$ cat protein11.txt   # compact mmCIF, C-alpha atoms and all ligand atoms
# COMPACT_ATOMS: atom_id res chain seq x y z
CA MET T 69 108.34 2.48 -151.83
CA ALA T 70 109.00 6.01 -152.97
CA GLU T 71 106.32 8.68 -152.68
CA ARG T 72 105.49 10.49 -155.89
CA VAL T 73 105.63 13.92 -154.26
CA ILE T 74 106.60 15.10 -150.81
CA ILE T 75 105.77 18.69 -149.89
CA ILE T 76 107.90 20.15 -147.11
CA GLY T 77 106.22 23.03 -145.31
CA SER T 78 102.71 23.96 -144.25
CA GLY T 79 102.13 27.62 -145.05
CA PRO T 80 99.99 28.85 -147.96
CA ALA T 81 102.51 27.58 -150.54
CA GLY T 82 102.59 24.07 -149.03
CA TRP T 83 98.82 23.73 -148.79
CA ALA T 84 98.19 25.19 -152.25
CA ALA T 85 100.71 22.68 -153.64
CA ALA T 86 98.95 19.90 -151.70
CA ILE T 87 95.49 20.88 -152.95
CA TYR T 88 96.68 20.85 -156.56
CA THR T 89 98.78 17.67 -156.39
CA SER T 90 96.10 15.75 -154.49
CA ARG T 91 93.47 16.80 -157.03
CA ALA T 92 95.89 15.54 -159.71
CA SER T 93 95.82 12.12 -157.93
CA LEU T 94 99.50 12.31 -156.96
CA GLU T 95 98.65 11.43 -153.33
CA PRO T 96 101.04 14.01 -151.85
CA LEU T 97 102.58 13.69 -148.42
CA VAL T 98 102.97 16.99 -146.56
CA ILE T 99 105.58 17.16 -143.83
CA GLU T 100 104.12 20.06 -141.91
CA GLY T 101 106.79 20.64 -139.25
CA ALA T 102 107.14 19.45 -135.68
CA VAL T 103 105.63 21.03 -132.58
CA THR T 104 108.80 21.68 -130.62
CA GLU T 105 110.01 24.44 -128.31
CA ASP T 106 112.83 25.15 -130.74
CA ASN T 107 110.34 25.74 -133.56
CA ARG T 108 108.17 27.89 -131.30
CA LEU T 109 111.10 30.12 -130.42
CA LYS T 110 112.24 30.43 -134.04
CA GLY T 111 108.72 31.06 -135.38
CA THR T 112 108.74 27.88 -137.48
CA LEU T 113 105.85 25.88 -136.03
CA PRO T 114 103.40 24.08 -138.37
CA LEU T 115 101.18 26.42 -140.42
CA GLY T 116 103.95 28.95 -140.82
CA GLN T 117 104.15 32.70 -140.37
CA LEU T 118 100.42 33.28 -140.83
CA ALA T 119 99.72 31.21 -137.75
CA LEU T 120 101.57 33.93 -135.83
CA THR T 121 99.38 36.77 -137.06
CA THR T 122 95.94 37.94 -136.08
CA GLU T 123 93.46 39.21 -138.69
CA VAL T 124 94.27 38.79 -142.38
CA GLU T 125 92.40 41.49 -144.27
CA ASN T 126 94.19 41.22 -147.61
CA TYR T 127 93.64 37.57 -148.58
CA PRO T 128 91.13 37.66 -151.46
CA GLY T 129 87.84 35.91 -150.80
CA PHE T 130 87.61 36.60 -147.08
CA PRO T 131 85.86 39.92 -146.44
CA ALA T 132 85.04 40.67 -142.81
CA GLY T 133 82.00 38.80 -141.54
CA ASP T 134 80.83 36.32 -138.94
CA MET T 135 82.78 33.17 -139.81
CA ARG T 136 81.79 31.06 -136.80
CA ALA T 137 79.23 28.76 -138.44
CA PHE T 138 81.48 28.21 -141.46
CA LEU T 139 84.54 27.40 -139.33
CA ASP T 140 82.51 24.99 -137.18
CA ASP T 141 81.22 23.27 -140.28
CA ALA T 142 84.48 23.14 -142.26
CA LEU T 143 86.93 22.20 -139.50
CA GLU T 144 87.17 19.40 -136.98
CA PRO T 145 86.05 20.76 -133.59
CA ALA T 146 89.51 20.37 -132.06
CA ARG T 147 91.07 22.44 -134.82
CA VAL T 148 88.83 25.51 -134.72
CA PRO T 149 91.09 28.32 -133.49
CA TYR T 150 89.66 30.84 -131.02
CA ARG T 151 86.45 28.87 -130.46
CA HIS T 152 85.85 30.65 -127.17
CA ALA T 153 87.16 34.04 -128.22
CA ASN T 154 85.07 36.73 -126.67
CA GLU T 155 85.30 39.20 -129.50
CA ASP T 156 83.34 41.01 -132.18
CA PRO T 157 82.14 38.22 -134.52
CA HIS T 158 82.16 40.61 -137.49
CA ARG T 159 85.82 40.52 -138.38
CA ALA T 160 88.30 39.34 -140.98
CA VAL T 161 89.54 35.76 -141.03
CA THR T 162 92.57 35.26 -138.77
CA GLY T 163 95.89 33.80 -139.90
CA PRO T 164 95.44 30.58 -137.87
CA GLU T 165 91.88 30.14 -139.21
CA LEU T 166 93.00 30.68 -142.80
CA MET T 167 95.76 28.13 -142.40
CA GLU T 168 93.46 25.55 -140.78
CA LEU T 169 91.03 26.03 -143.69
CA MET T 170 93.78 25.50 -146.26
CA ARG T 171 95.01 22.40 -144.39
CA ARG T 172 91.47 21.00 -144.25
CA GLN T 173 90.95 21.68 -147.95
CA ALA T 174 94.11 19.69 -148.76
CA LEU T 175 93.05 16.80 -146.46
CA ASN T 176 89.62 16.72 -148.11
CA PHE T 177 91.30 15.75 -151.39
CA GLY T 178 93.37 12.96 -149.84
CA THR T 179 96.58 14.74 -148.82
CA ARG T 180 98.46 12.85 -146.11
CA VAL T 181 100.22 14.83 -143.36
CA LYS T 182 103.12 14.08 -141.03
CA THR T 183 103.68 16.41 -138.08
CA ASP T 184 107.45 16.19 -138.21
CA ASP T 185 110.47 18.21 -139.36
CA VAL T 186 112.68 17.24 -142.25
CA VAL T 187 116.18 17.41 -140.82
CA HIS T 188 118.15 16.02 -143.73
CA VAL T 189 117.70 15.50 -147.46
CA ASP T 190 119.93 13.77 -149.98
CA LEU T 191 119.30 15.18 -153.44
CA SER T 192 122.27 13.40 -154.99
CA GLN T 193 120.28 10.17 -155.39
CA HIS T 194 116.97 9.58 -157.12
CA PRO T 195 114.46 8.88 -155.61
CA PHE T 196 115.45 11.66 -153.19
CA ARG T 197 116.07 10.56 -149.59
CA LEU T 198 114.69 12.40 -146.57
CA LYS T 199 115.18 11.96 -142.85
CA THR T 200 112.85 13.42 -140.24
CA LEU T 201 113.35 14.60 -136.68
CA SER T 202 111.52 11.52 -135.38
CA GLY T 203 114.01 9.32 -137.28
CA GLU T 204 111.80 8.25 -140.16
CA GLU T 205 113.45 7.73 -143.56
CA LEU T 206 111.43 8.55 -146.67
CA GLN T 207 111.98 8.51 -150.41
CA SER T 208 110.29 10.59 -153.06
CA LEU T 209 110.36 10.95 -156.83
CA SER T 210 109.80 14.70 -156.55
CA LEU T 211 109.92 17.36 -153.87
CA ILE T 212 108.20 20.68 -153.35
CA VAL T 213 110.06 22.85 -150.85
CA ALA T 214 107.69 25.33 -149.21
CA THR T 215 109.34 25.91 -145.85
CA GLY T 216 108.92 29.68 -145.87
CA ALA T 217 110.99 32.23 -144.06
CA ARG T 218 111.06 33.63 -140.58
CA ALA T 219 111.17 37.27 -139.59
CA ASN T 220 114.29 38.35 -137.84
CA TYR T 221 113.83 39.86 -134.41
CA LEU T 222 116.44 41.49 -132.22
CA GLY T 223 116.27 38.57 -129.83
CA LEU T 224 115.04 40.44 -126.75
CA GLU T 225 113.03 38.54 -124.17
CA SER T 226 110.56 41.42 -124.07
CA GLU T 227 109.92 41.06 -127.83
CA GLU T 228 108.95 37.45 -127.26
CA GLN T 229 106.71 38.39 -124.34
CA PHE T 230 104.61 40.84 -126.36
CA LYS T 231 104.38 39.05 -129.71
CA ASN T 232 100.80 39.50 -131.00
CA ARG T 233 100.26 42.08 -128.24
CA GLY T 234 101.95 44.99 -129.95
CA VAL T 235 105.10 43.29 -131.27
CA SER T 236 104.91 42.43 -134.96
CA ALA T 237 107.19 41.95 -137.93
CA CYS T 238 104.57 42.75 -140.56
CA ALA T 239 103.06 46.22 -140.77
CA VAL T 240 101.06 45.32 -143.87
CA CYS T 241 99.49 42.38 -142.00
CA ASP T 242 98.85 44.01 -138.65
CA GLY T 243 99.09 47.79 -139.03
CA ALA T 244 95.37 48.46 -139.37
CA LEU T 245 94.44 46.64 -136.15
CA PRO T 246 92.72 48.84 -133.55
CA ARG T 247 95.62 48.73 -131.09
CA PHE T 248 97.88 50.49 -133.59
CA ARG T 249 95.45 53.31 -134.48
CA ASN T 250 95.83 56.88 -133.26
CA ARG T 251 98.87 56.07 -131.16
CA PRO T 252 102.63 56.40 -131.68
CA LEU T 253 104.43 53.35 -133.14
CA VAL T 254 108.05 52.22 -133.45
CA VAL T 255 109.70 50.59 -136.48
CA VAL T 256 113.22 49.15 -136.18
CA GLY T 257 115.48 48.93 -139.24
CA GLY T 258 116.99 51.03 -141.99
CA GLY T 259 116.27 49.02 -145.14
CA ASP T 260 113.46 49.26 -147.71
CA SER T 261 111.15 47.24 -145.47
CA ALA T 262 111.54 49.72 -142.60
CA MET T 263 110.87 52.61 -145.02
CA GLU T 264 107.83 50.95 -146.53
CA GLU T 265 106.43 49.84 -143.18
CA SER T 266 106.94 53.20 -141.48
CA ASN T 267 105.27 55.09 -144.32
CA TYR T 268 102.42 52.59 -144.35
CA LEU T 269 101.92 52.88 -140.60
CA THR T 270 101.52 56.67 -140.79
CA LYS T 271 98.04 55.96 -142.19
CA PHE T 272 97.03 54.78 -138.74
CA ALA T 273 99.51 56.13 -136.20
CA THR T 274 99.80 59.61 -134.74
CA ARG T 275 103.59 59.35 -135.08
CA VAL T 276 106.04 56.71 -136.27
CA TYR T 277 109.56 56.50 -134.86
CA VAL T 278 112.09 54.75 -137.11
CA VAL T 279 114.92 53.42 -134.97
CA HIS T 280 118.11 52.78 -136.90
CA ARG T 281 121.48 51.70 -135.54
CA ARG T 282 123.55 53.90 -137.88
CA ASP T 283 123.41 57.47 -139.17
CA ALA T 284 122.46 56.53 -142.74
CA PHE T 285 119.76 54.28 -144.20
CA ARG T 286 120.54 51.16 -146.20
CA ALA T 287 117.28 51.68 -148.11
CA SER T 288 117.07 52.84 -151.72
CA LYS T 289 117.34 56.60 -152.11
CA ILE T 290 113.78 57.15 -153.23
CA MET T 291 112.30 55.21 -150.32
CA ALA T 292 114.60 56.85 -147.80
CA GLU T 293 113.68 60.29 -149.14
CA ARG T 294 109.97 59.52 -148.90
CA THR T 295 110.44 58.50 -145.29
CA LEU T 296 112.46 61.56 -144.37
CA ALA T 297 109.88 63.83 -146.04
CA ASN T 298 106.94 62.31 -144.15
CA PRO T 299 105.98 64.77 -141.39
CA LYS T 300 104.57 61.97 -139.21
CA ILE T 301 107.91 60.09 -139.15
CA GLU T 302 110.73 60.87 -136.77
CA VAL T 303 114.02 59.01 -137.20
CA LYS T 304 116.01 58.03 -134.14
CA TRP T 305 119.49 57.68 -135.62
CA ASN T 306 122.34 55.75 -134.01
CA SER T 307 119.90 53.96 -131.73
CA VAL T 308 118.89 50.44 -130.91
CA VAL T 309 115.91 49.12 -128.97
CA ASP T 310 117.20 47.94 -125.65
CA GLU T 311 113.87 46.78 -124.28
CA VAL T 312 110.23 46.61 -125.33
CA LEU T 313 108.19 48.07 -122.48
CA GLY T 314 104.69 46.92 -121.60
CA ASN T 315 102.40 45.14 -119.19
CA ASP T 316 99.85 42.32 -119.13
CA GLU T 317 96.89 44.66 -119.39
CA HIS T 318 97.96 46.81 -122.35
CA GLY T 319 100.67 44.81 -124.12
CA VAL T 320 103.32 47.11 -125.58
CA THR T 321 103.39 50.61 -124.07
CA GLY T 322 106.76 51.82 -125.38
CA VAL T 323 110.43 51.07 -125.95
CA ARG T 324 113.70 51.98 -124.31
CA LEU T 325 116.37 53.07 -126.77
CA ARG T 326 120.10 52.98 -126.28
CA SER T 327 122.50 55.11 -128.27
CA THR T 328 125.06 53.26 -130.39
CA VAL T 329 127.53 56.12 -130.05
CA ASP T 330 127.19 56.61 -126.28
CA ALA T 331 126.09 53.40 -124.56
CA ALA T 332 125.25 55.31 -121.37
CA LYS T 333 122.58 57.32 -123.17
CA THR T 334 119.04 55.91 -123.08
CA GLU T 335 115.64 57.30 -123.97
CA GLU T 336 112.09 56.01 -123.50
CA LEU T 337 109.45 56.40 -126.19
CA GLU T 338 105.75 55.85 -125.68
CA ALA T 339 104.26 53.56 -128.34
CA SER T 340 101.46 51.00 -128.65
CA GLY T 341 103.33 48.96 -131.24
CA TYR T 342 106.81 47.80 -132.13
CA PHE T 343 107.56 46.52 -135.64
CA ALA T 344 110.79 44.68 -136.40
CA ALA T 345 111.86 45.33 -140.01
CA ILE T 346 115.36 43.93 -139.89
CA GLY T 347 115.04 41.31 -142.60
CA HIS T 348 113.96 37.68 -142.89
CA THR T 349 115.80 34.36 -142.94
CA PRO T 350 114.67 31.60 -145.34
CA ASN T 351 114.09 28.21 -143.71
CA ALA T 352 116.52 26.36 -145.95
CA ASP T 353 119.18 25.14 -143.49
CA PHE T 354 118.07 21.51 -143.78
CA LEU T 355 119.02 21.56 -147.49
CA ARG T 356 122.67 22.09 -146.55
CA GLY T 357 123.59 23.82 -149.77
CA GLN T 358 122.24 21.14 -152.13
CA LEU T 359 120.07 23.63 -154.00
CA GLU T 360 121.37 26.79 -155.61
CA THR T 361 120.38 29.87 -153.63
CA THR T 362 120.54 33.63 -154.03
CA GLU T 363 123.27 35.50 -152.17
CA LYS T 364 120.76 35.95 -149.31
CA GLY T 365 120.16 32.21 -149.01
CA TYR T 366 116.75 32.03 -150.75
CA ILE T 367 116.23 29.08 -153.12
CA ARG T 368 116.85 30.20 -156.68
CA TRP T 369 114.18 29.57 -159.30
CA THR T 370 116.27 28.54 -162.28
CA LYS T 371 113.76 29.07 -165.13
CA PRO T 372 111.99 32.39 -165.72
CA PHE T 373 108.38 32.36 -164.42
CA ARG T 374 108.73 28.73 -163.30
CA THR T 375 109.36 27.12 -159.91
CA HIS T 376 112.10 24.69 -161.00
CA THR T 377 115.26 24.68 -158.89
CA SER T 378 118.85 23.72 -159.67
CA VAL T 379 118.03 20.03 -159.01
CA GLU T 380 115.70 18.35 -161.49
CA GLY T 381 112.54 17.13 -159.77
CA VAL T 382 112.80 19.63 -156.90
CA PHE T 383 110.46 22.63 -156.99
CA ALA T 384 110.11 25.56 -154.61
CA GLY T 385 107.15 27.76 -153.70
CA GLY T 386 106.47 30.59 -151.28
CA ASP T 387 108.78 32.70 -149.16
CA VAL T 388 111.68 30.21 -149.14
CA ALA T 389 112.19 31.29 -152.75
CA ASP T 390 110.76 34.82 -152.61
CA ASP T 391 112.17 37.64 -150.52
CA TYR T 392 110.35 40.30 -152.48
CA TYR T 393 106.54 39.89 -152.34
CA ARG T 394 106.21 37.74 -149.21
CA GLN T 395 102.41 37.78 -149.11
CA ALA T 396 100.01 34.92 -148.29
CA VAL T 397 98.37 35.21 -151.68
CA THR T 398 101.66 35.22 -153.63
CA ALA T 399 102.92 32.25 -151.59
CA ALA T 400 99.72 30.34 -152.40
CA GLY T 401 100.20 31.33 -156.06
CA THR T 402 103.76 30.05 -156.33
CA GLY T 403 102.77 26.92 -154.36
CA CYS T 404 100.16 26.24 -157.04
CA MET T 405 102.78 26.88 -159.74
CA ALA T 406 105.17 24.43 -158.05
CA ALA T 407 102.44 21.76 -158.02
CA LEU T 408 101.70 22.24 -161.73
CA ASP T 409 105.42 22.26 -162.62
CA CYS T 410 105.91 19.12 -160.53
CA GLU T 411 102.93 17.31 -162.04
CA ARG T 412 104.14 18.08 -165.57
CA TRP T 413 107.69 17.01 -164.73
CA LEU T 414 106.49 13.67 -163.29
CA ALA T 415 104.34 13.08 -166.39
CA ALA T 416 107.19 13.96 -168.77
CA LYS T 417 109.44 11.48 -166.93
CA GLY T 418 106.77 8.80 -167.12
CA PHE T 419 106.27 8.68 -163.34
CA ASP T 420 102.52 9.46 -163.36
P1 LIG W 501 117.62 44.69 -145.42
O1 LIG W 501 117.78 45.46 -146.67
O2 LIG W 501 118.55 43.57 -145.14
O3 LIG W 501 117.69 45.75 -144.24
C1 LIG W 501 117.68 45.33 -142.90
C2 LIG W 501 117.86 46.57 -142.01
O4 LIG W 501 117.77 46.15 -140.67
C3 LIG W 501 119.22 47.26 -142.21
O5 LIG W 501 119.07 48.65 -142.19
C4 LIG W 501 120.02 46.78 -140.99
O6 LIG W 501 120.93 47.73 -140.49
C5 LIG W 501 118.94 46.58 -139.97
N1 LIG W 501 119.30 45.53 -139.03
C6 LIG W 501 119.62 44.24 -139.30
N2 LIG W 501 119.90 43.57 -138.17
C7 LIG W 501 119.75 44.47 -137.16
C8 LIG W 501 119.92 44.39 -135.77
N3 LIG W 501 120.26 43.24 -135.16
N4 LIG W 501 119.73 45.50 -135.02
C9 LIG W 501 119.36 46.67 -135.62
N5 LIG W 501 119.19 46.81 -136.94
C10 LIG W 501 119.38 45.72 -137.71
O7 LIG W 501 116.16 44.03 -145.30
P2 LIG W 501 114.74 44.58 -145.83
O8 LIG W 501 114.58 46.02 -145.57
O9 LIG W 501 113.73 43.61 -145.27
O10 LIG W 501 114.81 44.36 -147.40
C11 LIG W 501 115.00 43.05 -147.94
C12 LIG W 501 114.99 43.12 -149.46
O11 LIG W 501 113.66 43.39 -149.93
C13 LIG W 501 115.85 44.24 -150.01
O12 LIG W 501 116.45 43.79 -151.18
C14 LIG W 501 114.89 45.34 -150.30
O13 LIG W 501 115.33 46.23 -151.31
C15 LIG W 501 113.65 44.58 -150.72
N6 LIG W 501 112.44 45.34 -150.45
C16 LIG W 501 111.98 46.16 -151.45
C17 LIG W 501 110.86 46.93 -151.22
C18 LIG W 501 110.33 47.80 -152.34
O14 LIG W 501 111.06 48.05 -153.28
N7 LIG W 501 109.13 48.28 -152.26
C19 LIG W 501 110.20 46.90 -149.99
C20 LIG W 501 110.70 46.07 -148.99
C21 LIG W 501 111.84 45.30 -149.23
P3 LIG W 501 122.24 48.14 -141.32
O15 LIG W 501 121.78 49.02 -142.43
O16 LIG W 501 123.07 48.85 -140.30
O17 LIG W 501 122.85 46.86 -141.77
$ encode --input "protein11.txt" --output "structure tokens"
Amino acid sequence: MAERVIIIGSGPAGWAAAIYTSRASLEPLVIEGAVTEDNRLKGTLPLGQLALTTEVENYPGFPAGDMRAFLDDALEPARVPYRHANEDPHRAVTGPELMELMRRQALNFGTRVKTDDVVHVDLSQHPFRLKTLSGEELQSLSLIVATGARANYLGLESEEQFKNRGVSACAVCDGALPRFRNRPLVVVGGGDSAMEESNYLTKFATRVYVVHRRDAFRASKIMAERTLANPKIEVKWNSVVDEVLGNDEHGVTGVRLRSTVDAAKTEELEASGYFAAIGHTPNADFLRGQLETTEKGYIRWTKPFRTHTSVEGVFAGGDVADDYYRQAVTAAGTGCMAALDCERWLAAKGFD
């Protein structure tokens, strides 16, 4: 028996789509991802990129406050993140908490969840066919793809070691945290993201080093000029980060740079944070080219202001289709749009 809607992905777009489709009595099935070492290393575990962040201060509706009683009441005991955290209770919601709350909200309306990865889809037949990592075969009348994107890192072991302890790929998410205030910080990259993030971080840091592997930025002229004119920013041209330096007590304490023109030349910078701004990769490999994408591999929305894709009955929400805004709130918004587009498509086809 075919499902009416399968939602692939469990970030804000996936859960928003699940909340809307379950409230529309479509009994959605969410395939939230598998808990595997491979997914851990890639940053693609269930609950998405937000589950890898700390405090989320820009999601509307969650001002800082003591959330403990609410979390204990709303969530199953085993799924309350940071239950024993010995920290200031007056704080913003964390990424993992926000995602658990969204998941719970979807379950409360009857959403079913499988903790599995979709490894293969066949969009050439209808109902669509899906195969999961555990070997299960599923069919669905419609699909909402909300698999998100993952930040690119350089791939250093030391980056992995200090993730959430000074290593981040999102200045807007993490920049205002205490550990990044009144200290020097490092941003790697030469695109618009590196420009935006470095300028943003100067609000908090004493100094921001932008480390770029060439002698010219890829970024748009206006953003590059703003960066170069910022007195708190120093650009380290023709340089790559060779190693993130740190220790168990303090997390990141600096970086070691290596020159790209003279490999024997190294330099150490003191910094309490290291931000990778070298692009993102959409999690769309499992689609194997069956949906039209942009030149960067993001799923293409084929109707203006709608979430339809190049295959009828397949909708996309969140970062897998958006390399521009990439915020939790915009992902939730396009997830909601995908659910409404999907519901209307099913009704128009007489599948409701
Ligand atoms: P991007 O334009 O692809 O730039 C990535 C940067 O990282 C490049 O400078 C690249 O160096 C560098 N890089 C990549 N791999 C690296 C590696 N292994 N080691 C060292 N450096 C590496 O990505 P983005 O900056 O995230 O921008 C993505 C898109 O979003 C762009 O279209 C951008 O215009 C847009 N965006 C717009 C805004 C805005 O308008 N406000 C803000 C952010 C992003 P090379 O230059 O040498 O290749």
$ closest_residue --input "protein11.txt" --among "T:Gln193, T:Gln229, T:Ser307, T:Ser266" --to "Val329 (chain T)" --atoms "all atoms listed in the file"
T:Ser307
$ residues_near_ligand --input "protein11.txt" --ligand "ligand LIG 501 (chain W)" --cutoff "7 Å" --atoms "all atoms listed in the file" --output "list in words"
Leu222, Val256, Gly257, Gly258, Gly259, Asp260, Ser261, Ala262, Glu264, His280, Arg281, Arg282, Phe285, Arg286, Ala287, Ser288, Val308, Ala345, Ile346, Gly347, His348, Asp391 and Tyr392 of chain T
$ write_last_selection --input "protein11.txt" --atoms "C-alpha atoms" --output "mmCIF file, in the frame of the given file"
data_model
loop_
_atom_site.group_PDB
_atom_site.id
_atom_site.type_symbol
_atom_site.label_atom_id
_atom_site.label_comp_id
_atom_site.auth_asym_id
_atom_site.auth_seq_id
_atom_site.Cartn_x
_atom_site.Cartn_y
_atom_site.Cartn_z
ATOM 1 C CA LEU T 222 116.440 41.490 -132.220
ATOM 2 C CA VAL T 256 113.220 49.150 -136.180
ATOM 3 C CA GLY T 257 115.480 48.930 -139.240
ATOM 4 C CA GLY T 258 116.990 51.030 -141.990
ATOM 5 C CA GLY T 259 116.270 49.020 -145.140
ATOM 6 C CA ASP T 260 113.460 49.260 -147.710
ATOM 7 C CA SER T 261 111.150 47.240 -145.470
ATOM 8 C CA ALA T 262 111.540 49.720 -142.600
ATOM 9 C CA GLU T 264 107.830 50.950 -146.530
ATOM 10 C CA HIS T 280 118.110 52.780 -136.900
ATOM 11 C CA ARG T 281 121.480 51.700 -135.540
ATOM 12 C CA ARG T 282 123.550 53.900 -137.880
ATOM 13 C CA PHE T 285 119.760 54.280 -144.200
ATOM 14 C CA ARG T 286 120.540 51.160 -146.200
ATOM 15 C CA ALA T 287 117.280 51.680 -148.110
ATOM 16 C CA SER T 288 117.070 52.840 -151.720
ATOM 17 C CA VAL T 308 118.890 50.440 -130.910
ATOM 18 C CA ALA T 345 111.860 45.330 -140.010
ATOM 19 C CA ILE T 346 115.360 43.930 -139.890
ATOM 20 C CA GLY T 347 115.040 41.310 -142.600
ATOM 21 C CA HIS T 348 113.960 37.680 -142.890
ATOM 22 C CA ASP T 391 112.170 37.640 -150.520
ATOM 23 C CA TYR T 392 110.350 40.300 -152.480
#
$ closest_residue --input "protein11.txt" --among "T:Val323, T:Val161, T:Leu97, T:Ile75" --to "Asp310 (chain T)" --atoms "all atoms listed in the file"
T:Val323
$ closest_residue --input "protein11.txt" --among "T:Ala416, T:Val98, T:Val379, T:Val255" --to "Asp190 (chain T)" --atoms "all atoms listed in the file"
T:Val379
$ closest_residue --input "protein11.txt" --among "T:Ala142, T:Ile74, T:Val254, T:Ala214" --to "Asn351 (chain T)" --atoms "all atoms listed in the file"
T:Ala214
$ closest_residue --input "protein11.txt" --among "T:Ser78, T:Asn107, T:Thr121, T:Thr89" --to "Glu168 (chain T)" --atoms "all atoms listed in the file"
T:Ser78
$ closest_residue --input "protein11.txt" --among "T:Ala273, T:Val382, T:Ile301, T:Ala85" --to "Val189 (chain T)" --atoms "only C-alpha atoms"
T:Val382
$ atom_distance --input "protein11.txt" --atom1 "CA of Glu302 (chain T)" --atom2 "CA of Val278 (chain T)"
6.3 Å
$ atom_distance --input "protein11.txt" --atom1 "CA of Ala132 (chain T)" --atom2 "CA of Pro252 (chain T)"
26.1 Å
$ residues_around --input "protein11.txt" --residues "region 112-118 of chain T" --least-positions-apart "5" --cutoff "9 Å" --atoms "all atoms listed in the file" --output "MDAnalysis selection string"
chainID T and resid 77:80 100:107 124 162:164 166:168 171 183:184 215:219 351 396
$ residues_around --input "protein11.txt" --residues "Ser192 (chain T)" --least-positions-apart "2" --cutoff "12 Å" --atoms "only C-alpha atoms" --output "list of chain:residue names"
T:Val189, T:Asp190, T:His194, T:Pro195, T:Phe196, T:Arg197, T:Leu198, T:Leu355, T:Gly357, T:Gln358, T:Leu359, T:Ser378, T:Val379, T:Glu380, T:Gly381, T:Val382
$ residues_around --input "protein11.txt" --residues "Gly365 (chain T)" --least-positions-apart "4" --cutoff "8 Å" --atoms "only C-alpha atoms" --output "ChimeraX atom specification"
/T:349-350,352,361
$ residues_around --input "protein11.txt" --residues "Leu175 (chain T)" --least-positions-apart "2" --cutoff "10 Å" --atoms "only C-alpha atoms" --output "short mmCIF file (atom, residue, chain, number, x, y, z; two decimals) with C-alpha atoms, keeping the file's coordinate frame"
data_model
loop_
_atom_site.label_atom_id
_atom_site.label_comp_id
_atom_site.auth_asym_id
_atom_site.auth_seq_id
_atom_site.Cartn_x
_atom_site.Cartn_y
_atom_site.Cartn_z
CA TRP T 83 98.82 23.73 -148.79
CA ALA T 86 98.95 19.90 -151.70
CA ILE T 87 95.49 20.88 -152.95
CA SER T 90 96.10 15.75 -154.49
CA VAL T 98 102.97 16.99 -146.56
CA LEU T 169 91.03 26.03 -143.69
CA MET T 170 93.78 25.50 -146.26
CA ARG T 171 95.01 22.40 -144.39
CA ARG T 172 91.47 21.00 -144.25
CA GLN T 173 90.95 21.68 -147.95
CA PHE T 177 91.30 15.75 -151.39
CA GLY T 178 93.37 12.96 -149.84
CA THR T 179 96.58 14.74 -148.82
CA ARG T 180 98.46 12.85 -146.11
CA VAL T 181 100.22 14.83 -143.36
#
$ atom_distance --input "protein11.txt" --atom1 "CA of Arg91 (chain T)" --atom2 "CA of Ala174 (chain T)"
8.8 Å
$ residues_around --input "protein11.txt" --residues "Ser340 (chain T)" --least-positions-apart "2" --cutoff "7 Å" --atoms "all atoms listed in the file" --output "list in words"
Gly234, Arg247, Phe248, Arg251, Pro252, Leu253, Val320, Thr321 and Gly322 of chain T
